[in-house]
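Everything below concerns the one structure shown next.
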Amino acid sequence: MQTREFRAQVRYVNHTAIIDLHGEIDAFAEEPLLNQAYTQATRENPQTIILNFTDVDYINSKGIALIVGILANARRAGIRLLVYGLSEHYQEIFRITRLSDFMTVFPDEASALGNKE
Amino acid sequence: MIKNITRFSKTNSQEMVSSPTPPPRPLPPDAIRAFDITPNDPLTIFLQGHPGVFDAAGLNFDSPMLRALKTAGVRLAVPLVSQGELVGLLNLGPRLSEQDYSSDDRGLLNNLASQAGPAVRVAQLVRQQQIEAREMERLAQELQVARLIQQTLLPKELPKIDGWQIATHYQPARAVGGDFYDCYERPDGRLVIVIGDVTDKGVPAALVMATTRAILRGASRRMLSPGAALERSNDLICPEIPPSMFITCLYAILDPSTGKLQYANAGHDLPYRRCREQVEELRATGMPLGLMPGMKYEEKETVLEPGDSLLMYTDGLVEAHNPQREMYGFPRLQKLLVTIRDHEGTALIRSLLDDLASFTEPGWEQEDDVTLVAVRHDHRAPSQRAQAARDWITIADFTIPSEPGNERIAMRGVEEAVSPLGLSTERLERLKTAVAEATMNAIEYGNQNRGDLVVTIRVMKSAGQLAVRITDQGGRQEIPNTPTPDLEAKLAGLQSPRGWGLFLIKNLVDEMNIIPSDDSNTFELVLNLKEGKYAN
C-alpha cells in the first residue's frame with residue numbers, strides 16, 4: 001500500500017519551537033524521524049514546543065505511542081507541549097486517550113502562540 | 001484405673017458348688033446384687049495383703065464395702081485377681097443346708113477364683129471396648145450432623161444466568177471444614193461471589209465459618225461495595241472471634257450484563273482471570289478478617305469478556321503436598337489454567353481436581369480443605385448468533401494481504417461500503433479508526449505479518465445495526481492481553497507507551513466482540529444505527 005511519507009520540520013517563532021508534521025503518524029513515522037525533529041526543536045532550550053498537525057491525515061495507535069514518547073521526554077525536560085491543527089476526529093482521539101489533559105489543543109497557530117505562557 | 005467395676009454376687013440360698021441336685025433354679029430378681037469396688041475402701045486395701053477366701057462375718061473394721069456385703073448376707077467371699085489387680089469378688093451367702101462351708105469348699109473356691117479372675121477381666125475389657133465404640137459412633141454421628149448443617153450453609157444451588165456458567169467444589173479435609181464460599185444474586189441483578197478460609201480445621205473452624213458467612217451475607221443485604229462489605233464484616237467479626245483465629249476472604253460483585261467484576265481481598269489467595277491463553281492475577285490489598293478492627297480494603301475492578309474465566313480457590317489446593325513433600329504451588333496452577341482448553345461448565349474444576357489427584361498420587365491424606373469456584377463468561381450463545389445471522393445482509397466482503405500499512409485499504413473499503421447508509425462524518429471517522437486498529441491487530445498478531453495470509457473484511461447490515469467483521473487466518477493466535485492504557489503510568493515509564501489499539505476500538509464503536517474459532521480470530525465491530533451512545 002502506498003503511504004504518504006512522514007516528514008517533520010522545525011521552525012522557531014520568537015523562542016517557541018514549532019514542529020510541522022506532515023503525512024501519516026503510524027508505524028512508518030519511524031521513531032528516529034520524529035525524535036530527530038524533537039531533538040532539533042529542543043536545541044535552543046525553548047520553554048514550549050508546539051506540534052502542528054494541520055497536514056497530518058492519519059494517526060493510528062502506534063502514532064499515539066510515538067506522541068506519548070515525545071510527551072514523556074518533554075515533561076522530563078520541563079518543556080510544555082501544545083498542539084494545533086487536529087481534525088475533530090483526532091481531537092476526540094486525544095480526549096479518549098487523555099493526551100489532551102497533558103498537551104493543550106488549540107485550533108490554530110495564532111491561538112497556540114498566544115497561550116504559550 | 002478401673003472405677004465402678006460391677007460384678008455379680010450370689011447371695012442367699014444358693015451354694016456355689018457341690019450342689020448335685022436339684023438342677024439350678026432360676027435366680028430370683030433380688031438374688032443378683034451389684035457392688036462397687038472402691039479403690040480406697042479399707043476392704044480393698046485389706047484384700048491386697050490377704051489373698052484367698054475370707055469370712056465376711058469374721059472381719060471387723062469400718063468399711064462401707066464390708067458393710068454392704070454383710071447387709072446382703074454374704075458369708076464367704078473370694079477376691080478375683082488378674083495381673084495383680086482386684087477385678088471382682090465372688091460372694092456366697094449361707095449354704096442351703098445351713099452348715100458352715102468346709103475347707104474343701106474353700107479350696108475349691110480359691111481354685112475357681114484363680115481361673116475366673118482373668119476371665120472376668122477379659123469380659124470387662126470387651127465391655128469397655130463396646131462402650132467406647134458406642135461413644136465413637138455417637139461422635140461420628142454428631143459430626144455427620146454437623147457436616148449436614150455446614151452443607152446447608154453453602155449455596156444449595158448456584159444462580160443460573162444467561163451467558164454465564166458457575167461451578168464450585170467443596171472438599172473439607174475432615175468431616176467439617178473452615179472453608180466456605182457463597183454465590184447469590186442481589187436484587188439489582190448483580191452476583192455476589194465470595195470465597196473464604198478460616199485458620200485451623202475441623203469443628204472450631206466450622207463454627208467461625210458459620211458466623212462469618214452470616215455476617216458477610218448481612219453486609220451484602222445492605223448492597224455494599226466489596227471493600228465496604230469486607231470493612232463492615234471485619235468490624236463485626238473482630239469482637240466475636242477467638243484470639244489467634246482469623247479469616248481470609250475474597251469478595252467479588254459481578255455485573256452479568258457487562259462482565260464488570262468489582263472485588264476486594266482480605267488476605268486471600270489471589271484469584272486468576274483467564275483471558276484467552278493468558279492468566280492474570282487479580283490483586284487487591286487488605287488484611288484478613290478478625291485481626292483488628294478499622295481496616296480498609298482496596299477495591300479493584302476488571303471485565304470478564306466473553307470467553308474469559310475466573311478461578312477463586314483456597315490454599316488447600318496450592319499447598320497440597322505429594323509423597324516427595326513437594327508443594328502443588330502457584331506456578332503449576334497458572335500453567336494448568338493456560339493449557340486447559342475446555343472451560344465449559346464444570347470442565348475447569350474437573351481438570352484441576354484431576355491434576356491435583358495425579359500430583360498427590362493415590363492414598364493422599366488431604367491436609368487442608370480444598371474449595372474452588374469457577375466463573376465462566378460464555379462466548380455469545382450460538383443460537384442467538386444464528387438468530388442474528390438470519391437478519392444480517394452482507395454489503396461488502398473482501399480480503400487484503402497481511403502487510404503493514406494495509407489497514408488503509410480496509411478503511412477505504414469499509415468507507416465505500418457504508419456510504420449509502422449516510423453516517424455522519426464523525427461516526428464514519430470513528431468506524432474507520434476502529435476498523436484500522438482491528439485490521440492492524442489481525443495483520444500483526446493474528447497473521448504475524450505473513451504476506452501469504454489474508455485478512456477478510458465483511459461489512460454487514462441489519463435493521464438497526466452495522467457490523468464489520470475482521471477475520472485473520474492465524475490459527476487462533478493469542479491477542480495480547482494488554483492492560484487498560486493509563487497515560488499517567490505511561491508518562492512515568494510504568495507502562496509501555498504502546499497498547500492503545502483495543503482501547504481505541506472499544507471507545508469508538510458501540511460494541512466490540514472477539515469471536516474465536518479453531519483457526520482464526522474475528523473482531524466484530526458493531527454500530528447501532530438507530531440508537532446508542534453514538535447514534536446519528
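Ordering of the C-alpha cells sets the chain letters (A, B, ...); residue numbers start at 1 within each chain; ligands are numbered from 1 in the order shown.
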
Residues of stretch 1-95 of chain A in strand (DSSP E), written as number ranges by chain: A: 7-13, 16-25, 48-59, 80-84

Residue list for chain A near chain B as a VMD selection string, 10 Å, only C-alpha atoms: chain A and resid 1 to 3 26 to 28 58 to 73 75 to 76 88 to 90 92 to 93 96 to 99 101 to 102

Output file for the selection above: C-alpha atoms, as a CSV table (one decimal), in the first residue's frame:
```
chain,number,residue,atom,x,y,z
A,1,MET,CA,0.0,0.0,0.0
A,2,GLN,CA,1.3,3.4,-1.0
A,3,THR,CA,1.5,5.6,2.0
A,26,ASP,CA,1.9,5.5,12.3
A,27,ALA,CA,4.5,2.7,12.2
A,28,PHE,CA,6.1,4.4,9.2
A,58,TYR,CA,-3.9,9.7,9.7
A,59,ILE,CA,-2.8,8.8,13.2
A,60,ASN,CA,-3.0,5.3,14.4
A,61,SER,CA,-2.4,3.6,17.8
A,62,LYS,CA,1.4,3.4,17.0
A,63,GLY,CA,1.4,7.1,16.1
A,64,ILE,CA,-0.2,7.7,19.5
A,65,ALA,CA,2.5,5.7,21.2
A,66,LEU,CA,5.1,7.9,19.4
A,67,ILE,CA,3.4,11.1,20.7
A,68,VAL,CA,3.3,9.6,24.2
A,69,GLY,CA,7.0,9.1,24.0
A,70,ILE,CA,7.6,12.7,22.9
A,71,LEU,CA,5.3,14.0,25.7
A,72,ALA,CA,7.2,11.9,28.3
A,73,ASN,CA,10.5,13.4,27.1
A,75,ARG,CA,7.8,16.5,30.6
A,76,ARG,CA,11.1,15.2,31.9
A,88,GLU,CA,-12.3,17.0,15.0
A,89,HIS,CA,-11.9,13.2,14.9
A,90,TYR,CA,-8.3,13.3,16.2
A,92,GLU,CA,-11.7,13.2,20.0
A,93,ILE,CA,-8.9,10.6,20.0
A,96,ILE,CA,-10.2,9.4,24.7
A,97,THR,CA,-6.5,8.8,25.3
A,98,ARG,CA,-6.4,11.8,27.7
A,99,LEU,CA,-3.4,13.2,25.7
A,101,ASP,CA,-5.1,16.6,29.5
A,102,PHE,CA,-1.3,16.9,29.1
```

Contacts of A:Leu33 at 9 Å (only C-alpha atoms; same-chain gap of 4+ positions) as a list in words: Phe6, Arg7, Ala8, Ala29, Ala37 and Tyr38 of chain A

Could you take the residues named above and write them with C-alpha atoms, as a CSV table (one decimal), in the first residue's frame?
```csv
chain,number,residue,atom,x,y,z
A,6,PHE,CA,6.1,11.2,7.1
A,7,ARG,CA,8.1,14.3,7.4
A,8,ALA,CA,8.7,16.8,10.2
A,29,ALA,CA,6.6,7.6,11.0
A,37,ALA,CA,12.7,16.6,15.0
A,38,TYR,CA,12.1,16.8,18.7
```

Nearest residue to B:Phe46 from the set B:Glu299, B:Ala34, B:Gly422, B:Leu66 (distances using only C-alpha atoms):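 The answer is B:Leu66, which sits nearest to B:Phe46.
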
Long-range neighbours of A:Leu51 as a ChimeraX atom specification, 6 Å cut-off, only C-alpha atoms, 5 positions minimum in chain: /A:18-19,83

DSSP alpha helix (DSSP H) residues within stretch 74-103 of chain A, listed as a ChimeraX atom specification: /A:74-76,88-96

For atom CA of B:Glu85 and atom CA of B:Leu125, the interatomic separation in Å (one decimal):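 Distance reported for this atom pair: 13.5 Å.
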
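Atom CA of B:Ala173 to atom CA of B:Cys249 spans 18.7 Å [interatomic distance, one decimal].
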
Near-B:Arg213 list (8 Å; only C-alpha atoms; drop same-chain fewer than 6 positions) as a VMD selection string: chain B and resid 153 180 182

Shortest interatomic distance to B:Asp315 - which of B:Leu76, B:Leu207, B:Leu333, B:Val370, counting only C-alpha atoms: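 Distance minimum relative to B:Asp315 lands on B:Val370.
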
Nearby residues (only C-alpha atoms) at most 6 Å from stretch 523-526 of chain B, same-chain spacing under 5 positions excluded, as number ranges by chain: B: 466-470, 510-514

Distance query stretch 250-258 of chain B at most 10 Å, only C-alpha atoms, self and fewer than 3 positions along chain excluded, as an MDAnalysis selection string: chainID B and resid 161:164 181:186 188:197 216 220 224:227 229:230 261:271 284 286 288 299:306 312:314 375 377

Straight-line distance linking atom CA of B:Gln99 with atom CA of B:Lys70, stated in Å to one decimal: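 Atom-to-atom, atom CA of B:Gln99 to atom CA of B:Lys70, that is 17.9 Å.
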